[in-house]
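Asks: File follows, data.txt with compact mmCIF, N, CA and C atoms and all ligand atoms:
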```
# COMPACT_ATOMS: atom_id res chain seq x y z
N MET A 1 -20.63 -70.06 -22.06
CA MET A 1 -22.03 -70.50 -22.09
C MET A 1 -22.50 -70.84 -20.69
N THR A 2 -23.65 -70.38 -20.36
CA THR A 2 -24.21 -70.63 -19.04
C THR A 2 -25.41 -71.54 -19.15
N ALA A 3 -25.35 -72.63 -18.45
CA ALA A 3 -26.50 -73.53 -18.41
C ALA A 3 -27.37 -73.14 -17.24
N GLU A 4 -28.52 -72.61 -17.55
CA GLU A 4 -29.43 -72.27 -16.48
C GLU A 4 -30.06 -73.54 -15.93
N LYS A 5 -30.25 -73.54 -14.65
CA LYS A 5 -30.84 -74.73 -14.02
C LYS A 5 -32.02 -74.31 -13.17
N ALA A 6 -32.88 -75.27 -12.97
CA ALA A 6 -34.10 -74.99 -12.23
C ALA A 6 -34.11 -75.75 -10.91
N CYS A 7 -34.53 -75.07 -9.89
CA CYS A 7 -34.66 -75.68 -8.57
C CYS A 7 -35.74 -76.76 -8.61
N ARG A 8 -35.43 -77.93 -8.11
CA ARG A 8 -36.41 -79.01 -8.12
C ARG A 8 -37.54 -78.77 -7.13
N ASN A 9 -37.28 -77.97 -6.17
CA ASN A 9 -38.28 -77.74 -5.14
C ASN A 9 -39.28 -76.66 -5.55
N CYS A 10 -38.76 -75.48 -5.93
CA CYS A 10 -39.68 -74.36 -6.20
C CYS A 10 -39.65 -73.92 -7.66
N ARG A 11 -38.82 -74.56 -8.48
CA ARG A 11 -38.73 -74.30 -9.93
C ARG A 11 -38.06 -72.98 -10.28
N LYS A 12 -37.52 -72.29 -9.34
CA LYS A 12 -36.80 -71.06 -9.63
C LYS A 12 -35.63 -71.37 -10.56
N ILE A 13 -35.45 -70.51 -11.56
CA ILE A 13 -34.35 -70.70 -12.50
C ILE A 13 -33.18 -69.82 -12.10
N VAL A 14 -32.03 -70.44 -11.94
CA VAL A 14 -30.83 -69.71 -11.56
C VAL A 14 -29.72 -70.05 -12.53
N ALA A 15 -28.82 -69.11 -12.76
CA ALA A 15 -27.72 -69.35 -13.67
C ALA A 15 -26.59 -70.07 -12.95
N GLU A 16 -26.14 -69.49 -11.88
CA GLU A 16 -25.05 -70.11 -11.13
C GLU A 16 -25.31 -69.94 -9.65
N ALA A 17 -25.55 -71.04 -8.99
CA ALA A 17 -25.77 -70.97 -7.56
C ALA A 17 -25.59 -72.36 -6.98
N GLU A 18 -25.05 -72.41 -5.79
CA GLU A 18 -24.92 -73.69 -5.10
C GLU A 18 -26.24 -74.06 -4.45
N LYS A 19 -26.94 -73.01 -4.03
CA LYS A 19 -28.22 -73.21 -3.37
C LYS A 19 -29.25 -72.30 -4.00
N CYS A 20 -30.48 -72.74 -3.97
CA CYS A 20 -31.56 -71.92 -4.49
C CYS A 20 -31.72 -70.67 -3.62
N PRO A 21 -31.73 -69.50 -4.23
CA PRO A 21 -31.88 -68.26 -3.44
C PRO A 21 -33.27 -68.13 -2.82
N SER A 22 -34.23 -68.88 -3.33
CA SER A 22 -35.59 -68.77 -2.80
C SER A 22 -35.85 -69.70 -1.63
N CYS A 23 -35.41 -70.95 -1.78
CA CYS A 23 -35.83 -71.94 -0.78
C CYS A 23 -34.67 -72.71 -0.16
N ASP A 24 -33.42 -72.35 -0.51
CA ASP A 24 -32.25 -72.99 0.11
C ASP A 24 -32.03 -74.44 -0.31
N ASN A 25 -32.84 -74.91 -1.23
CA ASN A 25 -32.66 -76.26 -1.73
C ASN A 25 -31.39 -76.32 -2.59
N ASN A 26 -30.72 -77.47 -2.62
CA ASN A 26 -29.54 -77.55 -3.48
C ASN A 26 -29.69 -78.62 -4.57
N GLN A 27 -30.93 -78.98 -4.86
CA GLN A 27 -31.20 -79.94 -5.92
C GLN A 27 -31.69 -79.19 -7.16
N PHE A 28 -30.90 -79.28 -8.21
CA PHE A 28 -31.27 -78.58 -9.44
C PHE A 28 -31.34 -79.55 -10.60
N THR A 29 -32.05 -79.15 -11.63
CA THR A 29 -32.02 -79.91 -12.86
C THR A 29 -31.81 -78.95 -14.03
N THR A 30 -31.05 -79.39 -15.01
CA THR A 30 -30.90 -78.57 -16.22
C THR A 30 -31.93 -79.00 -17.27
N PHE A 31 -32.69 -80.03 -16.94
CA PHE A 31 -33.71 -80.50 -17.87
C PHE A 31 -35.06 -79.89 -17.54
N TRP A 32 -35.25 -78.70 -18.06
CA TRP A 32 -36.53 -78.03 -17.83
C TRP A 32 -36.96 -77.38 -19.13
N ARG A 33 -38.22 -77.11 -19.25
CA ARG A 33 -38.75 -76.54 -20.50
C ARG A 33 -39.70 -75.40 -20.19
N GLY A 34 -39.47 -74.30 -20.88
CA GLY A 34 -40.37 -73.16 -20.76
C GLY A 34 -40.25 -72.50 -19.41
N TYR A 35 -40.56 -71.25 -19.36
CA TYR A 35 -40.56 -70.60 -18.06
C TYR A 35 -41.57 -69.47 -18.03
N VAL A 36 -41.95 -69.11 -16.83
CA VAL A 36 -42.76 -67.92 -16.65
C VAL A 36 -41.95 -66.93 -15.83
N LEU A 37 -42.11 -65.68 -16.16
CA LEU A 37 -41.46 -64.62 -15.40
C LEU A 37 -42.50 -64.04 -14.45
N ILE A 38 -42.30 -64.27 -13.19
CA ILE A 38 -43.25 -63.77 -12.20
C ILE A 38 -42.77 -62.42 -11.69
N LEU A 39 -43.60 -61.41 -11.89
CA LEU A 39 -43.24 -60.07 -11.43
C LEU A 39 -43.90 -59.76 -10.10
N ASP A 40 -45.13 -60.22 -9.96
CA ASP A 40 -45.86 -59.95 -8.73
C ASP A 40 -46.66 -61.18 -8.33
N PRO A 41 -46.07 -62.04 -7.53
CA PRO A 41 -46.72 -63.31 -7.19
C PRO A 41 -48.07 -63.13 -6.51
N GLU A 42 -48.26 -62.00 -5.86
CA GLU A 42 -49.54 -61.73 -5.19
C GLU A 42 -50.67 -61.57 -6.20
N LYS A 43 -50.34 -60.98 -7.35
CA LYS A 43 -51.38 -60.66 -8.32
C LYS A 43 -51.40 -61.58 -9.52
N SER A 44 -50.43 -62.48 -9.61
CA SER A 44 -50.32 -63.32 -10.78
C SER A 44 -51.15 -64.59 -10.63
N GLU A 45 -52.05 -64.81 -11.58
CA GLU A 45 -52.88 -66.01 -11.54
C GLU A 45 -52.03 -67.26 -11.73
N ILE A 46 -51.06 -67.16 -12.64
CA ILE A 46 -50.24 -68.33 -12.93
C ILE A 46 -49.34 -68.67 -11.75
N ALA A 47 -48.90 -67.64 -11.05
CA ALA A 47 -48.10 -67.89 -9.85
C ALA A 47 -48.93 -68.63 -8.80
N LYS A 48 -50.17 -68.24 -8.67
CA LYS A 48 -51.05 -68.91 -7.71
C LYS A 48 -51.27 -70.35 -8.11
N LYS A 49 -51.54 -70.54 -9.41
CA LYS A 49 -51.78 -71.88 -9.93
C LYS A 49 -50.59 -72.79 -9.68
N MET A 50 -49.40 -72.23 -9.89
CA MET A 50 -48.19 -73.04 -9.77
C MET A 50 -47.65 -73.05 -8.34
N GLY A 51 -48.25 -72.28 -7.48
CA GLY A 51 -47.78 -72.25 -6.11
C GLY A 51 -46.47 -71.52 -5.93
N ILE A 52 -46.22 -70.52 -6.77
CA ILE A 52 -44.98 -69.76 -6.71
C ILE A 52 -45.17 -68.51 -5.85
N GLN A 53 -44.25 -68.33 -4.94
CA GLN A 53 -44.36 -67.17 -4.06
C GLN A 53 -43.18 -66.21 -4.21
N GLN A 54 -42.38 -66.44 -5.23
CA GLN A 54 -41.20 -65.62 -5.43
C GLN A 54 -41.26 -64.93 -6.79
N THR A 55 -40.62 -63.78 -6.91
CA THR A 55 -40.50 -63.16 -8.22
C THR A 55 -39.37 -63.85 -8.98
N GLY A 56 -39.35 -63.61 -10.29
CA GLY A 56 -38.27 -64.14 -11.10
C GLY A 56 -38.75 -65.21 -12.07
N LYS A 57 -37.77 -65.86 -12.70
CA LYS A 57 -38.08 -66.88 -13.69
C LYS A 57 -38.30 -68.23 -13.02
N HIS A 58 -39.36 -68.89 -13.45
CA HIS A 58 -39.66 -70.22 -12.91
C HIS A 58 -39.97 -71.17 -14.05
N ALA A 59 -39.43 -72.36 -13.98
CA ALA A 59 -39.63 -73.34 -15.03
C ALA A 59 -41.06 -73.84 -15.03
N LEU A 60 -41.60 -74.08 -16.23
CA LEU A 60 -42.93 -74.63 -16.35
C LEU A 60 -42.91 -76.15 -16.16
N LEU A 61 -41.95 -76.77 -16.79
CA LEU A 61 -41.86 -78.23 -16.72
C LEU A 61 -40.46 -78.66 -16.31
N LEU A 62 -40.41 -79.55 -15.37
CA LEU A 62 -39.14 -80.17 -15.00
C LEU A 62 -39.21 -81.63 -15.41
N SER A 63 -38.12 -82.11 -15.95
CA SER A 63 -38.09 -83.55 -16.19
C SER A 63 -37.01 -84.16 -15.32
N ARG A 64 -37.40 -85.03 -14.50
CA ARG A 64 -36.54 -85.75 -13.56
C ARG A 64 -35.53 -84.83 -12.93
ZN ZN A 101 -35.98 -73.34 -4.83
```
For the structure just supplied, provide its representation as structure tokens.

Replies:
Amino acid sequence: MTAEKACRNCRKIVAEAEKCPSCDNNQFTTFWRGYVLILDPEKSEIAKKMGIQQTGKHALLLSR
């Protein structure tokens, strides 16, 4: 079983990583809910709203 975790800085969801591949942050939380899959951050309204500049899965809500 793999516990996916979300980067506290940019909300990127990663399965197994010591550091976030997007922003190099090493603070993760496994307490997140919902996610958006960003395919094209340039054209995605939700990516703009959330301030996401990377493709991939990003958590909608982080709790602590
Ligand atoms: Zn990150």

Asks: Please build the interface table for range 19-62 of chain A against range 6-14 of chain A with a cut-off of 6.5 Å, listing for each qualifying residue the nearest atom pair and the distance in Å to one decimal; count only N, CA and C atoms, order rows by chain and increasing number, and write it as a tab-separated table.

Replies:
```
residue	atom	partner	partner_atom	distance
A:Cys20	CA	A:Cys7	CA	6.4
A:Gln27	C	A:Arg8	N	4.1
A:Phe28	CA	A:Ala6	C	4.3
A:Thr29	C	A:Ala6	N	4.0
A:Thr30	N	A:Ala6	N	4.9
A:Phe31	N	A:Ala6	N	6.2
A:Gly56	C	A:Ile13	N	6.3
A:Lys57	C	A:Ile13	N	3.9
A:His58	CA	A:Arg11	C	4.1
A:Ala59	N	A:Arg11	C	4.0
```

Asks: Return the single residue from A:Lys43, A:Arg33, A:Lys49, A:Lys19 that is closest to ligand ZN 101 (chain A), with distances computed using all atoms listed in the file.

Replies: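 Smallest separation from ligand ZN 101 (chain A) among the options: A:Lys19.
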
Asks: Nearest residue to ligand ZN 101 (chain A) out of A:Gln54, A:Ile38, A:Glu45, A:Glu16, using only C-alpha atoms and all ligand atoms?

Replies: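 Of all the options, A:Gln54 lies closest to ligand ZN 101 (chain A).
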
Asks: Range 3-19 of chain A, all listed atoms, 3 Å padding on each side: what axis-aligned box centre and edge lengths in Å to one decimal come out, as AutoDock Vina command-line options?

Replies:
```
--center_x -32.3 --center_y -74.1 --center_z -10.9 --size_x 20.8 --size_y 15.9 --size_z 21.1
```

Asks: Out of chain A, which residues get alpha helix (DSSP H) from DSSP, as a list in words?

Replies: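 Listing alpha helix (DSSP H) positions across chain A yields Glu45, Ile46, Ala47, Lys48, Lys49 and Met50 of chain A.
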
Asks: Which one is closest to ligand ZN 101 (chain A): A:Val36, A:Leu60, A:Ile52, A:Cys23? Count all atoms listed in the file.

Replies: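 Using all atoms listed in the file, the shortest distance to ligand ZN 101 (chain A) belongs to A:Cys23.
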
Asks: As a list in words, please: all residues of chain A that backbone DSSP puts in strand (DSSP E or B).

Replies: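 DSSP on the backbone gives strand (DSSP E or B) at Lys5, Ala6, Cys7, Lys12, Ile13, Val14, Phe28, Thr29, Trp32, Arg33, Gly34, Tyr35, Val36, Leu37, Ile38, Gly56, Lys57, His58, Ala59, Leu60, Leu61 and Leu62 of chain A.
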
Asks: So what do you get for atom C of Ile46 in chain A versus atom N of Ala3 in chain A, distance-wise?

Replies: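 Taking atom C of Ile46 in chain A and atom N of Ala3 in chain A, their separation equals 25.2 Å.
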
Asks: Which one is closest to ligand ZN 101 (chain A): A:Ser22, A:Thr55, A:Ser44, A:Ser63? Count all atoms listed in the file.

Replies: A:Ser22

Asks: Looking at A:Gly51, A:Lys5, A:Asp24, A:Pro41, which one is nearest to ligand ZN 101 (chain A), with distances taken over all atoms listed in the file?

Replies: A:Asp24

Asks: Have a look at CA of Gly34 in chain A and atom ZN of ligand ZN 101 (chain A) and let me know their distance in Å, one decimal.

Replies: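 These atoms are spaced 16.5 Å apart.
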
Asks: Could you add the missing atoms to range 53-64 of chain A, up to all heavy atoms, and return them as a JSON list (two decimals), in the frame of the given file?

Replies:
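Contents of selection21.json, as written:
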```json
[["chain", "number", "residue", "atom", "x", "y", "z"],
["A", 53, "GLN", "N", -44.25, -68.33, -4.94],
["A", 53, "GLN", "CA", -44.36, -67.17, -4.06],
["A", 53, "GLN", "C", -43.18, -66.21, -4.21],
["A", 53, "GLN", "O", -43.00, -65.30, -3.41],
["A", 53, "GLN", "CB", -44.46, -67.64, -2.60],
["A", 53, "GLN", "CG", -45.83, -68.20, -2.29],
["A", 53, "GLN", "CD", -45.78, -69.32, -1.27],
["A", 53, "GLN", "OE1", -44.78, -69.49, -0.59],
["A", 53, "GLN", "NE2", -46.85, -70.08, -1.16],
["A", 54, "GLN", "N", -42.38, -66.44, -5.23],
["A", 54, "GLN", "CA", -41.20, -65.62, -5.43],
["A", 54, "GLN", "C", -41.26, -64.93, -6.79],
["A", 54, "GLN", "O", -41.85, -65.48, -7.73],
["A", 54, "GLN", "CB", -39.93, -66.48, -5.41],
["A", 54, "GLN", "CG", -39.73, -67.26, -4.14],
["A", 54, "GLN", "CD", -39.29, -66.39, -2.99],
["A", 54, "GLN", "OE1", -38.64, -65.38, -3.20],
["A", 54, "GLN", "NE2", -39.65, -66.78, -1.78],
["A", 55, "THR", "N", -40.62, -63.78, -6.91],
["A", 55, "THR", "CA", -40.50, -63.16, -8.22],
["A", 55, "THR", "C", -39.37, -63.85, -8.98],
["A", 55, "THR", "O", -38.56, -64.56, -8.41],
["A", 55, "THR", "CB", -40.17, -61.66, -8.09],
["A", 55, "THR", "OG1", -38.99, -61.53, -7.32],
["A", 55, "THR", "CG2", -41.29, -60.90, -7.42],
["A", 56, "GLY", "N", -39.35, -63.61, -10.29],
["A", 56, "GLY", "CA", -38.27, -64.14, -11.10],
["A", 56, "GLY", "C", -38.75, -65.21, -12.07],
["A", 56, "GLY", "O", -39.95, -65.44, -12.24],
["A", 57, "LYS", "N", -37.77, -65.86, -12.70],
["A", 57, "LYS", "CA", -38.08, -66.88, -13.69],
["A", 57, "LYS", "C", -38.30, -68.23, -13.02],
["A", 57, "LYS", "O", -37.51, -68.65, -12.18],
["A", 57, "LYS", "CB", -36.91, -67.01, -14.68],
["A", 57, "LYS", "CG", -36.90, -65.96, -15.77],
["A", 57, "LYS", "CD", -35.54, -65.82, -16.41],
["A", 57, "LYS", "CE", -35.27, -66.90, -17.42],
["A", 57, "LYS", "NZ", -33.99, -66.66, -18.14],
["A", 58, "HIS", "N", -39.36, -68.89, -13.45],
["A", 58, "HIS", "CA", -39.66, -70.22, -12.91],
["A", 58, "HIS", "C", -39.97, -71.17, -14.05],
["A", 58, "HIS", "O", -40.72, -70.81, -14.96],
["A", 58, "HIS", "CB", -40.84, -70.16, -11.95],
["A", 58, "HIS", "CG", -40.53, -69.42, -10.68],
["A", 58, "HIS", "ND1", -40.49, -68.06, -10.62],
["A", 58, "HIS", "CD2", -40.22, -69.88, -9.45],
["A", 58, "HIS", "CE1", -40.16, -67.71, -9.38],
["A", 58, "HIS", "NE2", -40.00, -68.78, -8.67],
["A", 59, "ALA", "N", -39.43, -72.36, -13.98],
["A", 59, "ALA", "CA", -39.63, -73.34, -15.03],
["A", 59, "ALA", "C", -41.06, -73.84, -15.03],
["A", 59, "ALA", "O", -41.67, -74.03, -13.98],
["A", 59, "ALA", "CB", -38.67, -74.50, -14.85],
["A", 60, "LEU", "N", -41.60, -74.08, -16.23],
["A", 60, "LEU", "CA", -42.93, -74.63, -16.35],
["A", 60, "LEU", "C", -42.91, -76.15, -16.16],
["A", 60, "LEU", "O", -43.74, -76.71, -15.48],
["A", 60, "LEU", "CB", -43.53, -74.31, -17.72],
["A", 60, "LEU", "CG", -43.97, -72.87, -17.94],
["A", 60, "LEU", "CD1", -44.42, -72.69, -19.39],
["A", 60, "LEU", "CD2", -45.11, -72.52, -17.00],
["A", 61, "LEU", "N", -41.95, -76.77, -16.79],
["A", 61, "LEU", "CA", -41.86, -78.23, -16.72],
["A", 61, "LEU", "C", -40.46, -78.66, -16.31],
["A", 61, "LEU", "O", -39.47, -78.18, -16.84],
["A", 61, "LEU", "CB", -42.13, -78.83, -18.11],
["A", 61, "LEU", "CG", -43.56, -78.92, -18.58],
["A", 61, "LEU", "CD1", -43.59, -79.40, -20.02],
["A", 61, "LEU", "CD2", -44.36, -79.87, -17.70],
["A", 62, "LEU", "N", -40.41, -79.55, -15.37],
["A", 62, "LEU", "CA", -39.14, -80.17, -15.00],
["A", 62, "LEU", "C", -39.21, -81.63, -15.41],
["A", 62, "LEU", "O", -40.23, -82.27, -15.25],
["A", 62, "LEU", "CB", -38.92, -80.12, -13.48],
["A", 62, "LEU", "CG", -38.91, -78.77, -12.78],
["A", 62, "LEU", "CD1", -38.58, -78.98, -11.32],
["A", 62, "LEU", "CD2", -37.90, -77.84, -13.41],
["A", 63, "SER", "N", -38.12, -82.11, -15.95],
["A", 63, "SER", "CA", -38.09, -83.55, -16.19],
["A", 63, "SER", "C", -37.01, -84.16, -15.32],
["A", 63, "SER", "O", -35.84, -83.80, -15.42],
["A", 63, "SER", "CB", -37.86, -83.85, -17.68],
["A", 63, "SER", "OG", -36.72, -83.19, -18.13],
["A", 64, "ARG", "N", -37.40, -85.03, -14.50],
["A", 64, "ARG", "CA", -36.54, -85.75, -13.56],
["A", 64, "ARG", "C", -35.53, -84.83, -12.93],
["A", 64, "ARG", "O", -34.36, -84.86, -13.19],
["A", 64, "ARG", "CB", -35.88, -86.94, -14.25],
["A", 64, "ARG", "CG", -36.88, -88.06, -14.38],
["A", 64, "ARG", "CD", -36.27, -89.29, -14.99],
["A", 64, "ARG", "NE", -35.81, -89.06, -16.35],
["A", 64, "ARG", "CZ", -34.57, -89.26, -16.76],
["A", 64, "ARG", "NH1", -33.66, -89.65, -15.91],
["A", 64, "ARG", "NH2", -34.26, -89.05, -18.00]]
```
